Structures are given as C-alpha cells and as structure tokens.
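Chemist: I have a structure I would like to understand better, so I am pasting it below and will then ask my questions one at a time.
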Amino acid sequence: MSRKGSNTDGKTDLANGSMSSSPEEMSGAEEGRETSSGIEVEASDLSLSLTGDDGGPNRTSTESRDTDTESSGEDAVVFTIDLRQDRPASKLVVTKEKEKKVGLYTIYVNPANTHQFAVGGRDQFVRIYDQRKIDENENNGVLKKFCPHHLVNSESKANITCLVYSHDGTELLASYNDEDIYLFNSSHSDGAQYVKRYKGHRNNATVKGVNFYGPKSEFVVSGSDCGHIFLWEKSSCQIIQFMEGDKGGVVNCLEPHPHLPVLATSGLDHDVKIWAPTAEASTELTGLKDVIKKNKRERDEDSLHHTDLFDSHMLWFLMHHLRQRRHHRRWRDPGVGATDADSDESPSSSDTSDEEEGPDRVQCMPS
C-alpha cells in the first residue's frame, strides 16, 4: 500500500491509501487534494507558554513567533518568554470566566498578526487575546470569544482540546471533547456563530489535536478514539479520506510539513508515523459508515452518564498504555527473571481486566 503525489503550480495531488512510519505500510488521501500547515510552529526568538506552577503533572502547550514564545497550561496562566533575553518567563494573562480560572490545553499565535493569540481549555469558549490590549479589569483581558451557540449554556461540560489558526489567520479550528470540530471566522465579532462543522470522529479519551492540511488550509485533519485519521474537505465538510492510524487506538497529534505533502501523527502506539501521498489507486473509504455509527453510538451512550468523563477516560487509557509498555520492556530485557516477572502483576490478566472494565469503571466527578 502506498501513495504518490505531484506538486504543480503550488498544488499537491494526493492519491489515496494509508500512511505509516514504514514505506511498506503507506497509503493515502484523495486525488486533486492539497497539503501543509501546523499545530505547533517553532519560530526563532519569541514564545508563549501555558505551564503549570503547582508542581504536579500538567498538560502544557507552547506556541512560538519571531521573537517570543507563548505557553499555557492547566493553571490558566499564559506566560511569555523572550528568547533574546536571559530572564524568566513573565506572566501575560490569567484566563478566567467571570472570576473562575479556566485551565488551558492549547494555544496558537495568529500567523497574520503575531500580537494576537487564541487559547482553549476547560470550558466551551475560544478566547482571542491581543498582547497590546490586555487589561484584566476589562472583560478579563479578552479581545473576543467564540463558541458554538448550542454549547454556550450546555450542561455537557464541553472542553476544547486543540485549536489552530489557518495559514493566513482568517480562520480558527477548535476541537471539542466528545463533540465536533468547529470552524470560526477569526475576523467575526465577539460571540459570532461557527461557519463550518466537521463530524464523524470521536474526541473523548485523550487530548485530541486538530489541524489544517494544505498550502492554503484546504482540508481539516483530526485523530480519533477509534484509532483512525479523518480528513475532511474544508469547504464541503465531507470526509474524503480516513485511515487506520494507531493499532493501539487513539490518534492524538497531527503535524503537517510546512512545505511538503507529508504528515506526522502519533498516539498511543510506540512510534511516530510519517505519511506521504504515494498510492496509485483511489481509496473506497470501506468501513467509514460503520466507524462513524460506532463513534456516534458510543458518544450518545456516554452522554447519558451526565458526568465529566473527559479526565476519567484519559486516565484509563494512559494507565492501560503504561501497563502495556511495562509488559513490552519486561519481555525485551533478557535480565528480567521469573521472580521479577511474577512479582509484578500478570500482564495478560491486567490487560484482560482493563478491557473488561473499560474506562467507565473510573468515574471522576467534575473538578
């Protein structure tokens, strides 16, 4: 299985197939499609940072521009770091909804206006800030907020796991846990409704990434709890390709090459997979309807629990993954004896137990 692509007049033609880290397993998207863009863009000097200061484990996200780096994390604080100077990061803003802090999972700098950046996290709002105009006494420093209108007062406790600007900064993609992916026009006024919606995947078990794909952000790409990679045509919202990404289930990160029709993905498998459009035959999208129905059914079933299952599912998947890694290390290490292996829990019984119990056995109440 393979893919082939040609680049003419700035456009990339993609044939279908699936992509992988090994050339023998590669396949791809659809003919006449285009490529590029990125979730996390490294630049030379400046960085924004979302980091935790509580000493515990913390999800962080970093976004860079020409001279600074911005970083954010679950303590709701956005830091700015000037890489030209030898000094600690400075606090830029604390993200709040009214007086309540909002933990952050994702941050992205507007490529067309590097003074502006967007953040998302443990509530339903995409928040855009302008570093030149942050006044925490006025609207908590927020320039504008976006949210799908049906989620504004929803009891589903929606979280944003990832957001990203398009290549020219005119659009913003936001992926919501156990909801859909929404496209916003970044020039619209505060509170404006989304302009496009992308369905079919499932974002529940871990922090899912989302990205644009194509030199002019013509496509939308996301991982899914089912282990597949979904590719939508941005304008029509139609799924034009889906591929099996991780055999261990759950594809989290997707990063297109900034110039070439190449995509890097990772999830709960032990490797990073590099995908390239080298297939000669088009994909029939066999099994797509069944996968979409299964994702929808599981989402509907979980919604009946009326609890915040985001962290509980993540905990279960990570614990399951760590047990598998420990099991693989033990069998790879010739120095591990029977006593050592027996002293640990049985890998086969623990895996079976996890599969039987499933993530719903871990019910974390909303924080």
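Residue numbers start at 1 in each chain; chains themselves are named A, B, ... in the order of the structure tokens; ligands are numbered from 1 in the order shown.
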Can you list, as a VMD selection string, all residues belonging to range 62-240 of chain A that DSSP tags as strand (DSSP E or B)?
Modeler: chain A and resid 62 to 65 68 to 73 77 to 82 90 to 94 96 to 97 100 to 101 104 to 109 116 to 121 126 to 130 144 to 146 160 to 165 171 to 176 181 to 185 196 to 198 210 to 213 219 to 222 228 to 233 239 to 240
Chemist: I'd like the neighbourhood of range 190-203 of chain A as a list in words, where a residue qualifies if any of its atoms comes within 6 Å (using only C-alpha atoms), though same-chain residues fewer than 6 positions away should be ignored.
Modeler: Lys144, Lys145, Phe146, Pro148, Asn177, Asp178, Asp180, Ile181, Tyr182, Leu183, Phe184, Ser224, Asp225, Cys237, Ile292 and Asn295 of chain A
Chemist: Which neighbours of Ala174 in chain A fall inside 12 Å, counting only C-alpha atoms, when residues of the same chain fewer than 6 positions from it are skipped, and could you give them as a PyMOL selection string?
Modeler: chain A and resi 39+105-108+118-121+124-127+146-148+158-166+180-186+194-198+203+208-212+220-222
Chemist: Tell me which of A:Leu173, A:Val142, A:Ile240, A:Val78 sits closest to Lys98 in chain A, counting only C-alpha atoms.
Modeler: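 Using only C-alpha atoms, Lys98 in chain A sits closest to A:Val142.
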Chemist: Write out as a list of chain:residue names the residues lying within 9 Å of Gly103 in chain A, counting only C-alpha atoms and excluding same-chain residues fewer than 4 positions away.
Modeler: A:Ser72, A:Gly73, A:Glu74, A:Asp75, A:Ala76, A:Val77, A:Thr95, A:Lys96, A:Gly120, A:Gly121, A:Arg122, A:Asp123
Chemist: Export, as an mmCIF file, in the first residue's frame, the selected residues with all heavy atoms.
Modeler:
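Final output, result24.cif:
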```cif
data_model
loop_
_atom_site.group_PDB
_atom_site.id
_atom_site.type_symbol
_atom_site.label_atom_id
_atom_site.label_comp_id
_atom_site.auth_asym_id
_atom_site.auth_seq_id
_atom_site.Cartn_x
_atom_site.Cartn_y
_atom_site.Cartn_z
ATOM 1 N N SER A 72 1.031 27.969 27.782
ATOM 2 C CA SER A 72 -0.139 27.970 28.667
ATOM 3 C C SER A 72 -0.340 26.586 29.249
ATOM 4 O O SER A 72 0.184 25.601 28.736
ATOM 5 C CB SER A 72 -1.392 28.394 27.880
ATOM 6 O OG SER A 72 -1.588 27.542 26.774
ATOM 7 N N GLY A 73 -1.113 26.488 30.333
ATOM 8 C CA GLY A 73 -1.312 25.206 30.986
ATOM 9 C C GLY A 73 -2.555 25.189 31.843
ATOM 10 O O GLY A 73 -3.351 26.123 31.844
ATOM 11 N N GLU A 74 -2.703 24.113 32.613
ATOM 12 C CA GLU A 74 -3.941 23.889 33.352
ATOM 13 C C GLU A 74 -4.105 24.807 34.566
ATOM 14 O O GLU A 74 -5.140 24.781 35.209
ATOM 15 C CB GLU A 74 -4.024 22.426 33.772
ATOM 16 C CG GLU A 74 -4.285 21.512 32.597
ATOM 17 C CD GLU A 74 -4.419 20.071 33.021
ATOM 18 O OE1 GLU A 74 -3.384 19.445 33.303
ATOM 19 O OE2 GLU A 74 -5.555 19.574 33.082
ATOM 20 N N ASP A 75 -3.079 25.616 34.871
ATOM 21 C CA ASP A 75 -3.250 26.606 35.933
ATOM 22 C C ASP A 75 -3.854 27.897 35.403
ATOM 23 O O ASP A 75 -3.982 28.875 36.144
ATOM 24 C CB ASP A 75 -1.922 26.884 36.635
ATOM 25 C CG ASP A 75 -0.875 27.432 35.683
ATOM 26 O OD1 ASP A 75 -1.150 27.534 34.469
ATOM 27 O OD2 ASP A 75 0.235 27.765 36.145
ATOM 28 N N ALA A 76 -4.216 27.925 34.111
ATOM 29 C CA ALA A 76 -4.911 29.047 33.456
ATOM 30 C C ALA A 76 -3.997 30.214 33.105
ATOM 31 O O ALA A 76 -4.462 31.215 32.579
ATOM 32 C CB ALA A 76 -6.073 29.551 34.314
ATOM 33 N N VAL A 77 -2.698 30.101 33.362
ATOM 34 C CA VAL A 77 -1.781 31.217 33.142
ATOM 35 C C VAL A 77 -1.113 31.101 31.778
ATOM 36 O O VAL A 77 -0.658 30.032 31.380
ATOM 37 C CB VAL A 77 -0.695 31.269 34.234
ATOM 38 C CG1 VAL A 77 0.238 32.448 34.011
ATOM 39 C CG2 VAL A 77 -1.337 31.362 35.613
ATOM 40 N N THR A 95 -6.342 33.286 32.425
ATOM 41 C CA THR A 95 -7.605 33.075 31.719
ATOM 42 C C THR A 95 -8.721 32.789 32.718
ATOM 43 O O THR A 95 -8.619 31.859 33.518
ATOM 44 C CB THR A 95 -7.487 31.913 30.728
ATOM 45 O OG1 THR A 95 -6.398 32.188 29.833
ATOM 46 C CG2 THR A 95 -8.761 31.739 29.933
ATOM 47 N N LYS A 96 -9.774 33.599 32.657
ATOM 48 C CA LYS A 96 -10.884 33.451 33.592
ATOM 49 C C LYS A 96 -12.214 33.577 32.854
ATOM 50 O O LYS A 96 -12.310 34.249 31.828
ATOM 51 C CB LYS A 96 -10.829 34.528 34.678
ATOM 52 C CG LYS A 96 -9.637 34.448 35.610
ATOM 53 C CD LYS A 96 -9.697 35.558 36.650
ATOM 54 C CE LYS A 96 -8.519 35.516 37.609
ATOM 55 N NZ LYS A 96 -8.591 36.608 38.605
ATOM 56 N N GLY A 120 -7.617 27.742 24.353
ATOM 57 C CA GLY A 120 -8.791 26.924 24.650
ATOM 58 C C GLY A 120 -8.468 25.954 25.761
ATOM 59 O O GLY A 120 -7.299 25.617 25.995
ATOM 60 N N GLY A 121 -9.495 25.517 26.477
ATOM 61 C CA GLY A 121 -9.249 24.597 27.586
ATOM 62 C C GLY A 121 -10.524 24.085 28.206
ATOM 63 O O GLY A 121 -11.423 23.637 27.497
ATOM 64 N N ARG A 122 -10.613 24.207 29.534
ATOM 65 C CA ARG A 122 -11.652 23.512 30.277
ATOM 66 C C ARG A 122 -12.985 24.270 30.336
ATOM 67 O O ARG A 122 -13.658 24.267 31.361
ATOM 68 C CB ARG A 122 -11.168 23.187 31.687
ATOM 69 C CG ARG A 122 -10.112 22.089 31.730
ATOM 70 C CD ARG A 122 -9.900 21.586 33.142
ATOM 71 N NE ARG A 122 -11.102 20.965 33.689
ATOM 72 C CZ ARG A 122 -11.426 19.691 33.526
ATOM 73 N NH1 ARG A 122 -10.670 18.908 32.789
ATOM 74 N NH2 ARG A 122 -12.515 19.217 34.072
ATOM 75 N N ASP A 123 -13.336 24.913 29.268
ATOM 76 C CA ASP A 123 -14.709 25.361 29.074
ATOM 77 C C ASP A 123 -14.962 25.450 27.575
ATOM 78 O O ASP A 123 -14.113 25.035 26.766
ATOM 79 C CB ASP A 123 -15.026 26.658 29.822
ATOM 80 C CG ASP A 123 -14.388 27.897 29.211
ATOM 81 O OD1 ASP A 123 -13.669 27.775 28.194
ATOM 82 O OD2 ASP A 123 -14.603 28.992 29.743
#
```
Chemist: Need the shell around range 263-271 of chain A: protein/DNA/RNA residues with any atom at most 7 Å away, counting only C-alpha atoms. Skip same-chain ones fewer than 3 positions apart. Format as a compact mmCIF listing (two decimals) with all heavy atoms, in the first residue's frame?
Modeler:
```txt
# COMPACT_ATOMS: atom_id res chain seq x y z
N ASP A 246 -3.35 4.40 14.52
CA ASP A 246 -2.68 3.66 15.59
C ASP A 246 -3.41 2.36 15.87
O ASP A 246 -4.62 2.36 16.10
CB ASP A 246 -2.64 4.50 16.88
CG ASP A 246 -1.41 5.39 16.93
OD1 ASP A 246 -0.93 5.76 15.85
OD2 ASP A 246 -0.94 5.70 18.03
N LYS A 247 -2.68 1.26 15.87
CA LYS A 247 -3.28 -0.03 16.18
C LYS A 247 -3.68 -0.10 17.65
O LYS A 247 -4.60 -0.82 18.01
CB LYS A 247 -2.30 -1.15 15.84
CG LYS A 247 -2.02 -1.25 14.34
CD LYS A 247 -1.05 -2.38 14.02
CE LYS A 247 -0.78 -2.45 12.52
NZ LYS A 247 0.19 -3.53 12.19
N GLY A 248 -2.97 0.64 18.51
CA GLY A 248 -3.30 0.67 19.92
C GLY A 248 -4.52 1.53 20.22
O GLY A 248 -4.94 1.62 21.37
N GLY A 249 -5.07 2.15 19.19
CA GLY A 249 -6.23 3.01 19.37
C GLY A 249 -5.82 4.41 19.77
O GLY A 249 -4.79 4.62 20.41
N VAL A 250 -6.59 5.40 19.36
CA VAL A 250 -6.44 6.81 19.72
C VAL A 250 -5.26 7.47 19.00
O VAL A 250 -4.10 7.21 19.32
CB VAL A 250 -6.30 7.03 21.24
CG1 VAL A 250 -6.30 8.52 21.55
CG2 VAL A 250 -7.43 6.35 22.00
N VAL A 251 -5.56 8.32 18.05
CA VAL A 251 -4.56 9.17 17.39
C VAL A 251 -4.73 10.57 17.96
O VAL A 251 -5.80 11.16 17.89
CB VAL A 251 -4.75 9.19 15.86
CG1 VAL A 251 -3.76 10.15 15.22
CG2 VAL A 251 -4.58 7.79 15.29
N ASN A 252 -3.66 11.11 18.55
CA ASN A 252 -3.74 12.39 19.25
C ASN A 252 -3.17 13.57 18.47
O ASN A 252 -3.79 14.62 18.39
CB ASN A 252 -3.01 12.30 20.60
CG ASN A 252 -3.68 11.36 21.56
OD1 ASN A 252 -4.90 11.31 21.64
ND2 ASN A 252 -2.88 10.61 22.31
N CYS A 253 -1.96 13.41 17.94
CA CYS A 253 -1.23 14.55 17.37
C CYS A 253 -1.07 14.39 15.87
O CYS A 253 -0.76 13.31 15.38
CB CYS A 253 0.16 14.65 18.01
SG CYS A 253 0.12 14.83 19.80
N LEU A 254 -1.28 15.50 15.16
CA LEU A 254 -1.12 15.51 13.71
C LEU A 254 -0.40 16.79 13.32
O LEU A 254 -0.85 17.88 13.64
CB LEU A 254 -2.49 15.47 13.00
CG LEU A 254 -3.46 14.39 13.47
CD1 LEU A 254 -4.48 15.00 14.43
CD2 LEU A 254 -4.17 13.76 12.31
N GLU A 255 0.72 16.65 12.62
CA GLU A 255 1.53 17.81 12.26
C GLU A 255 1.94 17.75 10.79
O GLU A 255 2.81 16.96 10.42
CB GLU A 255 2.77 17.87 13.13
CG GLU A 255 3.63 19.10 12.90
CD GLU A 255 2.94 20.37 13.33
OE1 GLU A 255 2.12 20.33 14.26
OE2 GLU A 255 3.22 21.42 12.72
N PRO A 256 1.31 18.53 9.92
CA PRO A 256 1.73 18.56 8.52
C PRO A 256 3.07 19.25 8.36
O PRO A 256 3.41 20.17 9.11
CB PRO A 256 0.62 19.37 7.83
CG PRO A 256 -0.53 19.36 8.79
CD PRO A 256 0.09 19.31 10.15
N HIS A 257 3.82 18.83 7.36
CA HIS A 257 5.05 19.51 6.99
C HIS A 257 4.69 20.89 6.46
O HIS A 257 3.68 21.05 5.77
CB HIS A 257 5.79 18.70 5.92
CG HIS A 257 7.17 19.16 5.65
ND1 HIS A 257 7.45 20.27 4.86
CD2 HIS A 257 8.38 18.68 6.05
CE1 HIS A 257 8.75 20.45 4.78
NE2 HIS A 257 9.35 19.50 5.50
N ILE A 274 5.00 8.69 9.77
CA ILE A 274 5.15 9.69 8.72
C ILE A 274 4.35 9.23 7.50
O ILE A 274 4.54 8.12 7.01
CB ILE A 274 6.63 9.87 8.32
CG1 ILE A 274 7.48 10.20 9.56
CG2 ILE A 274 6.76 10.96 7.26
CD1 ILE A 274 7.08 11.47 10.28
N TRP A 275 3.44 10.09 7.04
CA TRP A 275 2.55 9.74 5.94
C TRP A 275 2.90 10.57 4.71
O TRP A 275 3.18 11.75 4.81
CB TRP A 275 1.10 10.02 6.32
CG TRP A 275 0.64 9.36 7.57
CD1 TRP A 275 0.91 9.72 8.86
CD2 TRP A 275 -0.18 8.20 7.66
NE1 TRP A 275 0.31 8.87 9.74
CE2 TRP A 275 -0.37 7.93 9.03
CE3 TRP A 275 -0.80 7.38 6.72
CZ2 TRP A 275 -1.14 6.87 9.48
CZ3 TRP A 275 -1.56 6.33 7.15
CH2 TRP A 275 -1.72 6.07 8.52
N ALA A 276 2.85 9.92 3.55
CA ALA A 276 3.12 10.62 2.29
C ALA A 276 2.15 10.12 1.22
O ALA A 276 1.75 8.95 1.23
CB ALA A 276 4.56 10.37 1.85
N HIS A 321 -2.06 2.05 28.76
CA HIS A 321 -0.89 2.18 27.91
C HIS A 321 0.39 1.94 28.69
O HIS A 321 1.31 1.27 28.21
CB HIS A 321 -0.89 3.57 27.28
CG HIS A 321 0.18 3.77 26.24
ND1 HIS A 321 0.30 2.95 25.14
CD2 HIS A 321 1.15 4.70 26.14
CE1 HIS A 321 1.31 3.36 24.41
NE2 HIS A 321 1.85 4.42 24.99
```
